Amino acid sequence: MDDLEIIAEKIVSQAMPGEEVEAFVAWDEETSIRIYNGAIENLSKSQSSGVGIRIVNNHRQGFAWAGTLDPSAIEFAITEARDNASFATEDEYLGLGTPDDVAPKDLDLWRDDLSSHSTDEKVSLALDLESTVKNSDKRIKSVESANYGDVSSMATVFTNTGMKASYRQTFSFISAHAIAVENDETQTGGGYSVGRTISELNLDKAASDATKRATRLLGASKPPSARMTVLFDPQVTTTLLAIISGTLSGEAVIKGRSLFAGRLNEQVASPMVSLVDDPTNPFAFGASVFDAEGYASRSNSLIAEGILQGFLYDTYSARRAGVRTTASAVRGGFSSTPGVGARALYLTPGTKSQPELIESIENGVLVQNISGVHSGVNPISGDFSVGAEGLLIKSGKLGSPVKEFTIASSLQRMLQEVVAVGNDVEWIPSVAAGVSLVVEGISLSGI
Amino acid sequence: MISQEVVQKVLAAAVARGGEFAEIFAEDKKSSSAAFDDGKVEELSSGVSRGAGIRVVVGDTTGFAHTADLSETGLLRAAEAARSVAMSAGSGTKTVALEQRSEHLLSKDILLPSQVGKKEKIELLQQMNHVARSTSGAIKQVSAGYGDSHRRILVANTDGVFATDEQVRTRIAVSVVAFGDTGMQTGYETAAFTMGFEMFEDVDIEELASLAANRAVRKLSARPAPSGTLPVVLQGGSGGILFHEACGHGLEADHIIKDSSVYKGKVGELVASPLITLVDDGTVHRQWGTAKIDDEGKPSQRNVLIKDGVLTDYMWDELRARKSNRASSGNGRRQSYQHLPMVRMTNTYLLEGSEKPETIIENTKHGVYVARLGGGQVNTATGDFVFGMTEAYLIEDGEITEPLRDANLIGNGPEVLKNIDAVADDFSITPGTCGKDGQSVPVGCGQATVRITEVTIGGTANG
């Protein structure tokens, strides 16, 4: 990490009078292994690094990046960022952050031992995963891919306005995509496990999820159209929360793109819904000690018992809204400027397990998978329509599998129609945790 | 970027311990973008990335490593990492002859992004903002984005290929929010070509802005889309996404080889309505998915996938083609030097038919007219796919009537292809970004107006 800090320091020291300069320097090392049919299909090991530079001068901002730490490329980025700033519109709220009084938490997100595992060990884990899935059920005809991957990443954010932050984390994951065949019909299902190092992975769970999710769809038919109660599997809830988080961005609010603008302290969801974004929770995969502008991460309550509590802000949107940053600056990497985003959302869990939630549903559908989120959900209008597959629920019991149907509602309505949250919070590699969720009044379109 | 001598050394080192194929893919890419939002020039960004990916194939296994260090030492280190999958003790030295040289230069007509002032790029965005906002008082927010990239690639492999190419791409997009009694609605338009700044001689940015703005405003009075199965007429252009999802992905040879496509074993069979002739074509002049060579150095070609409803061939990259003892179809593509190539579409389109679009609408008693599609997703193993409509209307008694709110449509690829009963003569291609296995590449999708006799519409309104 020292190397990154030296580079960041050097960039920031090149600020000209009147300029605010930010250096974001990132490094990562990745291993990725794909197994197919008992052999390695791909094996890749690589390091990459880069730098993103923001320069603000007279309230005008410019940005440039380089996908290398080569000094000449960094020089290019500084010159370009400076030049780019001169073309931007002056905006009184623009400027880099200055330190605040929130102390960084000591979060254990890095595992030294990850790098001590050999590639062979990682390969055999993925091979084991594939054979476990294959041998789990005679209807599993093949495993489209069994994967192992890990990433160790470090980043440093320095500014000449006093921000100084370095943070790092490790991830390790396995995943399998199973293909089940019976009577000439094919269904697919995936399973995975994630941790911060290899010993935290649960191979049996990844394998049994892939098998269960593929085989239980065999015999699926297209259901008749109806309005009904939907039970979302934890992974699907993760996707829903990630979409909803976009509407709770302070940037969307100030730019008139949030359907929750002007609704602070109003009942925007069912009283069952309490939503928090807490990147200081070490179990969250979006956890980090600092946000992408170098502020110490903090817990932010967004919805409490259905009442809208607040929005997420980075430095710019907070200044414009006249509030403090919530340390919610996120970056897609060194090649993009920070924007507002959630990192570790979770719904306060309820008391019932998924089987208990099923028992409480008279007529509904368990949705294990949704598709077409980017084409069928409009986070600005709130229109929600996605492809789905899962199992019907009749009189409190799981029934026949269903596929090739859509579920539709609006984000606003769905939040109001939440009738239960499960007790099965599951941290998933996403900006939100999964949990079983029961929502009423959803239109199912099939035959 | 790298001399032929160094390329030969590195390839020889890559296969020194065994392996039947090795490749270097080097890339030098400069990109720039500008974002206008909320009435302001918000951000200009410039970026550079440069590096090489090296792969070594041993039996069914591919070893891969990438580096940003294009020196001989850096490349040899990457070759060493990539070949670590080759367990067999090889003979020690191998010579690599680079015989199939092909060097592609940019056409003289191209106005390079670096030759155009930043101010000129910004002015386009300001103009789109102005036009969109003047369209209607209901327009409350406009964002516009411009982006260009200049990519030089070098591909060399142990089969003797040594190819270079220069690719320039430019895109522009506008996104509008309208506000009314029913809440907010959105409109989006984009134009993107494998061209330089000269594309704005042909692209009418004002028209794009007004299309997006009018779309958002019209949807303010839209009613919920129907829930259930109806005939659907897809307007020419963005409707090509249907074919990209319904069969394009399923015709990629990696899915075929892994038994994860419903189209496996169907070559020579009728898989679609006889009105359907589907082509993937990386050579279409200046389109978004066009390039002179693919990312494995193979010259782009026009491949007929389905002819008069009969499946003729799949799409192939080098690796899958080797396994099946045939030639690549020029469909090996990758997002960057940090990624392995795989089978990808280029510009995928349906050949036009002979009917008039108006006649198709007139002959539809009750259904949905989709004027713009926004994207889609498919499960190639089951063939089930969705695609989203971002501008749609009811068809009542052969006439386009009320606007509908956004929704996804869902269908099964092989079934939908058989249910196409009309193809019009108003062909056009639209640009898009295709995501597969974590990699994004630019593609084109095209078709003329078509009718599907029935497809499930995922709205909320009964009937």
# chains A, B, ... in the order shown; residues from 1 in each chain; ligands from 1
call {"tool": "residues_around", "arguments": {"residues": "stretch 60-63 of chain A", "least_positions_apart": "6", "cutoff": "12 Å", "atoms": "only C-alpha atoms", "output": "JSON, numbers by chain"}}
result
{"A": [18, 19, 20, 21, 22, 23, 24, 51, 52, 53, 54, 76, 77, 78, 79, 80, 81, 82, 83, 84, 85, 86, 87, 88, 89, 90, 91, 92, 93, 94, 95, 96, 316, 334, 335, 336, 337, 338], "B": [32, 33, 34, 35, 40, 41, 42, 43, 44, 45, 46, 47]}
call {"tool": "select_by_dssp", "arguments": {"residues": "stretch 165-273 of chain B", "states": "strand (DSSP E)", "output": "ChimeraX atom specification"}}
result
/B:165-180,183-193,226-234
call {"tool": "write_last_selection", "arguments": {"atoms": "N, CA and C atoms", "output": "mmCIF file, in the first residue's frame"}}
result
data_model
loop_
_atom_site.group_PDB
_atom_site.id
_atom_site.type_symbol
_atom_site.label_atom_id
_atom_site.label_comp_id
_atom_site.auth_asym_id
_atom_site.auth_seq_id
_atom_site.Cartn_x
_atom_site.Cartn_y
_atom_site.Cartn_z
ATOM 1 N N ASP B 165 -4.652 -3.532 -36.483
ATOM 2 C CA ASP B 165 -5.814 -2.755 -36.927
ATOM 3 C C ASP B 165 -5.925 -1.505 -36.064
ATOM 4 N N GLU B 166 -6.567 -0.516 -36.623
ATOM 5 C CA GLU B 166 -6.888 0.702 -35.879
ATOM 6 C C GLU B 166 -8.388 0.882 -35.948
ATOM 7 N N GLN B 167 -8.993 1.103 -34.794
ATOM 8 C CA GLN B 167 -10.457 1.214 -34.753
ATOM 9 C C GLN B 167 -10.853 2.503 -34.043
ATOM 10 N N VAL B 168 -11.703 3.267 -34.693
ATOM 11 C CA VAL B 168 -12.191 4.501 -34.081
ATOM 12 C C VAL B 168 -13.699 4.399 -33.934
ATOM 13 N N ARG B 169 -14.178 4.651 -32.734
ATOM 14 C CA ARG B 169 -15.623 4.595 -32.498
ATOM 15 C C ARG B 169 -16.084 5.880 -31.813
ATOM 16 N N THR B 170 -17.279 6.307 -32.154
ATOM 17 C CA THR B 170 -17.842 7.536 -31.591
ATOM 18 C C THR B 170 -19.319 7.304 -31.277
ATOM 19 N N ARG B 171 -19.738 7.795 -30.143
ATOM 20 C CA ARG B 171 -21.155 7.626 -29.786
ATOM 21 C C ARG B 171 -21.683 8.886 -29.130
ATOM 22 N N ILE B 172 -22.990 9.034 -29.205
ATOM 23 C CA ILE B 172 -23.643 10.151 -28.526
ATOM 24 C C ILE B 172 -24.984 9.651 -28.015
ATOM 25 N N ALA B 173 -25.433 10.149 -26.876
ATOM 26 C CA ALA B 173 -26.696 9.671 -26.312
ATOM 27 C C ALA B 173 -27.366 10.798 -25.561
ATOM 28 N N VAL B 174 -28.669 10.738 -25.505
ATOM 29 C CA VAL B 174 -29.418 11.743 -24.746
ATOM 30 C C VAL B 174 -30.507 11.039 -23.939
ATOM 31 N N SER B 175 -30.694 11.516 -22.733
ATOM 32 C CA SER B 175 -31.636 10.875 -21.827
ATOM 33 C C SER B 175 -32.453 11.977 -21.158
ATOM 34 N N VAL B 176 -33.783 11.817 -21.207
ATOM 35 C CA VAL B 176 -34.681 12.914 -20.847
ATOM 36 C C VAL B 176 -35.672 12.454 -19.782
ATOM 37 N N VAL B 177 -35.985 13.342 -18.845
ATOM 38 C CA VAL B 177 -37.030 13.047 -17.859
ATOM 39 C C VAL B 177 -38.161 14.063 -18.038
ATOM 40 N N ALA B 178 -39.381 13.563 -18.178
ATOM 41 C CA ALA B 178 -40.555 14.437 -18.261
ATOM 42 C C ALA B 178 -41.374 14.238 -16.994
ATOM 43 N N PHE B 179 -42.032 15.287 -16.571
ATOM 44 C CA PHE B 179 -42.802 15.220 -15.336
ATOM 45 C C PHE B 179 -44.239 15.657 -15.584
ATOM 46 N N GLY B 180 -45.176 14.885 -15.045
ATOM 47 C CA GLY B 180 -46.588 15.230 -15.200
ATOM 48 C C GLY B 180 -47.403 14.684 -14.040
ATOM 49 N N GLY B 183 -46.504 11.272 -12.618
ATOM 50 C CA GLY B 183 -45.146 11.033 -12.136
ATOM 51 C C GLY B 183 -44.131 11.340 -13.217
ATOM 52 N N MET B 184 -42.997 10.625 -13.161
ATOM 53 C CA MET B 184 -41.934 10.893 -14.121
ATOM 54 C C MET B 184 -41.896 9.822 -15.206
ATOM 55 N N GLN B 185 -41.472 10.224 -16.394
ATOM 56 C CA GLN B 185 -41.253 9.271 -17.472
ATOM 57 C C GLN B 185 -39.936 9.606 -18.156
ATOM 58 N N THR B 186 -39.398 8.630 -18.877
ATOM 59 C CA THR B 186 -38.067 8.813 -19.457
ATOM 60 C C THR B 186 -38.066 8.543 -20.960
ATOM 61 N N GLY B 187 -37.119 9.164 -21.631
ATOM 62 C CA GLY B 187 -36.896 8.894 -23.049
ATOM 63 C C GLY B 187 -35.402 8.868 -23.304
ATOM 64 N N TYR B 188 -34.975 8.000 -24.202
ATOM 65 C CA TYR B 188 -33.541 7.830 -24.450
ATOM 66 C C TYR B 188 -33.326 7.609 -25.933
ATOM 67 N N GLU B 189 -32.280 8.203 -26.462
ATOM 68 C CA GLU B 189 -31.889 7.924 -27.845
ATOM 69 C C GLU B 189 -30.381 7.926 -27.938
ATOM 70 N N THR B 190 -29.869 7.191 -28.893
ATOM 71 C CA THR B 190 -28.427 7.141 -29.062
ATOM 72 C C THR B 190 -28.080 6.930 -30.526
ATOM 73 N N ALA B 191 -26.884 7.364 -30.896
ATOM 74 C CA ALA B 191 -26.324 7.039 -32.209
ATOM 75 C C ALA B 191 -24.876 6.675 -31.965
ATOM 76 N N ALA B 192 -24.411 5.626 -32.607
ATOM 77 C CA ALA B 192 -23.039 5.186 -32.388
ATOM 78 C C ALA B 192 -22.543 4.473 -33.633
ATOM 79 N N PHE B 193 -21.339 4.819 -34.044
ATOM 80 C CA PHE B 193 -20.777 4.231 -35.260
ATOM 81 C C PHE B 193 -19.285 3.963 -35.098
ATOM 82 N N PRO B 226 -50.643 -4.222 -21.103
ATOM 83 C CA PRO B 226 -51.464 -5.389 -20.790
ATOM 84 C C PRO B 226 -50.652 -6.494 -20.120
ATOM 85 N N SER B 227 -51.353 -7.348 -19.406
ATOM 86 C CA SER B 227 -50.744 -8.538 -18.827
ATOM 87 C C SER B 227 -51.344 -9.722 -19.554
ATOM 88 N N GLY B 228 -50.517 -10.447 -20.312
ATOM 89 C CA GLY B 228 -51.034 -11.609 -21.029
ATOM 90 C C GLY B 228 -50.460 -11.719 -22.419
ATOM 91 N N THR B 229 -51.044 -12.591 -23.227
ATOM 92 C CA THR B 229 -50.483 -12.928 -24.528
ATOM 93 C C THR B 229 -51.233 -12.239 -25.662
ATOM 94 N N LEU B 230 -50.501 -11.535 -26.517
ATOM 95 C CA LEU B 230 -51.112 -10.779 -27.617
ATOM 96 C C LEU B 230 -50.177 -10.800 -28.831
ATOM 97 N N PRO B 231 -50.704 -10.478 -30.027
ATOM 98 C CA PRO B 231 -49.808 -10.255 -31.170
ATOM 99 C C PRO B 231 -48.994 -8.978 -30.939
ATOM 100 N N VAL B 232 -47.735 -8.983 -31.401
ATOM 101 C CA VAL B 232 -46.874 -7.825 -31.220
ATOM 102 C C VAL B 232 -46.223 -7.462 -32.555
ATOM 103 N N VAL B 233 -46.315 -6.172 -32.905
ATOM 104 C CA VAL B 233 -45.621 -5.674 -34.092
ATOM 105 C C VAL B 233 -44.420 -4.876 -33.600
ATOM 106 N N LEU B 234 -43.212 -5.269 -34.058
ATOM 107 C CA LEU B 234 -41.982 -4.580 -33.647
ATOM 108 C C LEU B 234 -41.512 -3.686 -34.774
#
call {"tool": "atom_distance", "arguments": {"atom1": "atom CA of A:Gly190", "atom2": "atom CA of A:Ala207"}}
result
8.5 Å
call {"tool": "interface_residues", "arguments": {"of": "chain A", "to": "chain B", "cutoff": "6 Å", "atoms": "only C-alpha atoms", "output": "list of chain:residue names"}}
result
A:Ile40, A:Glu41, A:Asn42, A:Leu43, A:Ser44, A:Lys45, A:Ser46, A:Gly62, A:Phe63, A:Ala64, A:Trp65, A:Ala66, A:Gly67, A:Asn84, A:Ala88, A:Thr89, A:Thr186, A:Gly372, A:Ser375, A:Gly376, A:Ser381, A:Ser385, A:Val386, A:Thr406, A:Ala408, A:Ser443, A:Ser445, A:Gly446
call {"tool": "residues_around", "arguments": {"residues": "stretch 358-370 of chain A", "least_positions_apart": "2", "cutoff": "9 Å", "atoms": "only C-alpha atoms", "output": "count of residues only"}}
result
37
call {"tool": "residues_around", "arguments": {"residues": "A:Arg257", "least_positions_apart": "2", "cutoff": "8 Å", "atoms": "only C-alpha atoms", "output": "list in words"}}
result
Thr247, Ala252, Val253, Ile254, Lys255, Leu259, Ala261 and Ile380 of chain A; Gln141 and Val177 of chain B
call {"tool": "closest_residue", "arguments": {"among": "A:Val289, A:Ala327, A:Leu217, A:Ala284", "to": "A:Gly189", "atoms": "only C-alpha atoms"}}
result
A:Leu217
call {"tool": "select_by_dssp", "arguments": {"residues": "stretch 214-265 of chain B", "states": "alpha helix (DSSP H)", "output": "PyMOL selection string"}}
result
chain B and resi 214-219+240-243+253-257
call {"tool": "write_last_selection", "arguments": {"atoms": "C-alpha atoms", "output": "short mmCIF file (atom, residue, chain, number, x, y, z; two decimals), in the first residue's frame"}}
result
data_model
loop_
_atom_site.label_atom_id
_atom_site.label_comp_id
_atom_site.auth_asym_id
_atom_site.auth_seq_id
_atom_site.Cartn_x
_atom_site.Cartn_y
_atom_site.Cartn_z
CA ASN B 214 -41.25 13.33 -27.29
CA ARG B 215 -41.03 9.74 -26.13
CA ALA B 216 -40.84 10.82 -22.47
CA VAL B 217 -43.70 13.30 -22.87
CA ARG B 218 -45.98 10.83 -24.67
CA LYS B 219 -45.48 8.27 -21.92
CA GLY B 240 -33.33 -6.41 -33.78
CA ILE B 241 -32.62 -7.01 -30.09
CA LEU B 242 -35.32 -9.69 -30.32
CA PHE B 243 -33.15 -11.72 -32.72
CA ALA B 253 -20.46 -22.07 -30.67
CA ASP B 254 -19.28 -22.00 -27.04
CA HIS B 255 -22.87 -22.66 -25.92
CA ILE B 256 -23.26 -25.35 -28.59
CA ILE B 257 -20.09 -27.20 -27.57
#
call {"tool": "closest_atom_pairs", "arguments": {"of": "stretch 197-279 of chain A", "to": "stretch 100-110 of chain A", "cutoff": "12 Å", "atoms": "only C-alpha atoms", "output": "tab-separated table"}}
result
residue	atom	partner	partner_atom	distance
A:Thr197	CA	A:Trp110	CA	8.5
A:Asp278	CA	A:Lys105	CA	11.9
A:Pro279	CA	A:Leu107	CA	9.9
call {"tool": "write_last_selection", "arguments": {"atoms": "C-alpha atoms", "output": "PDB file, in the first residue's frame"}}
result
ATOM      1  CA  THR A 197     -10.451 -16.243   1.865  1.00  0.00           C
ATOM      2  CA  ASP A 278     -24.001   0.098   6.628  1.00  0.00           C
ATOM      3  CA  PRO A 279     -20.617  -0.363   4.925  1.00  0.00           C
TER       4      PRO A 279
END
call {"tool": "residues_around", "arguments": {"residues": "A:Val276", "least_positions_apart": "4", "cutoff": "6 Å", "atoms": "only C-alpha atoms", "output": "ChimeraX atom specification"}}
result
/A:300-302,345-346
call {"tool": "residues_around", "arguments": {"residues": "B:Pro442", "least_positions_apart": "3", "cutoff": "12 Å", "atoms": "only C-alpha atoms", "output": "ChimeraX atom specification"}}
result
/B:149,169-171,192-194,282,287-291,333-336,344-348,430-436,439,445
call {"tool": "atom_distance", "arguments": {"atom1": "atom CA of A:Ser208", "atom2": "atom CA of B:Lys264"}}
result
27.2 Å
call {"tool": "atom_distance", "arguments": {"atom1": "atom CA of A:Gly262", "atom2": "atom CA of A:Asn378"}}
result
19.3 Å
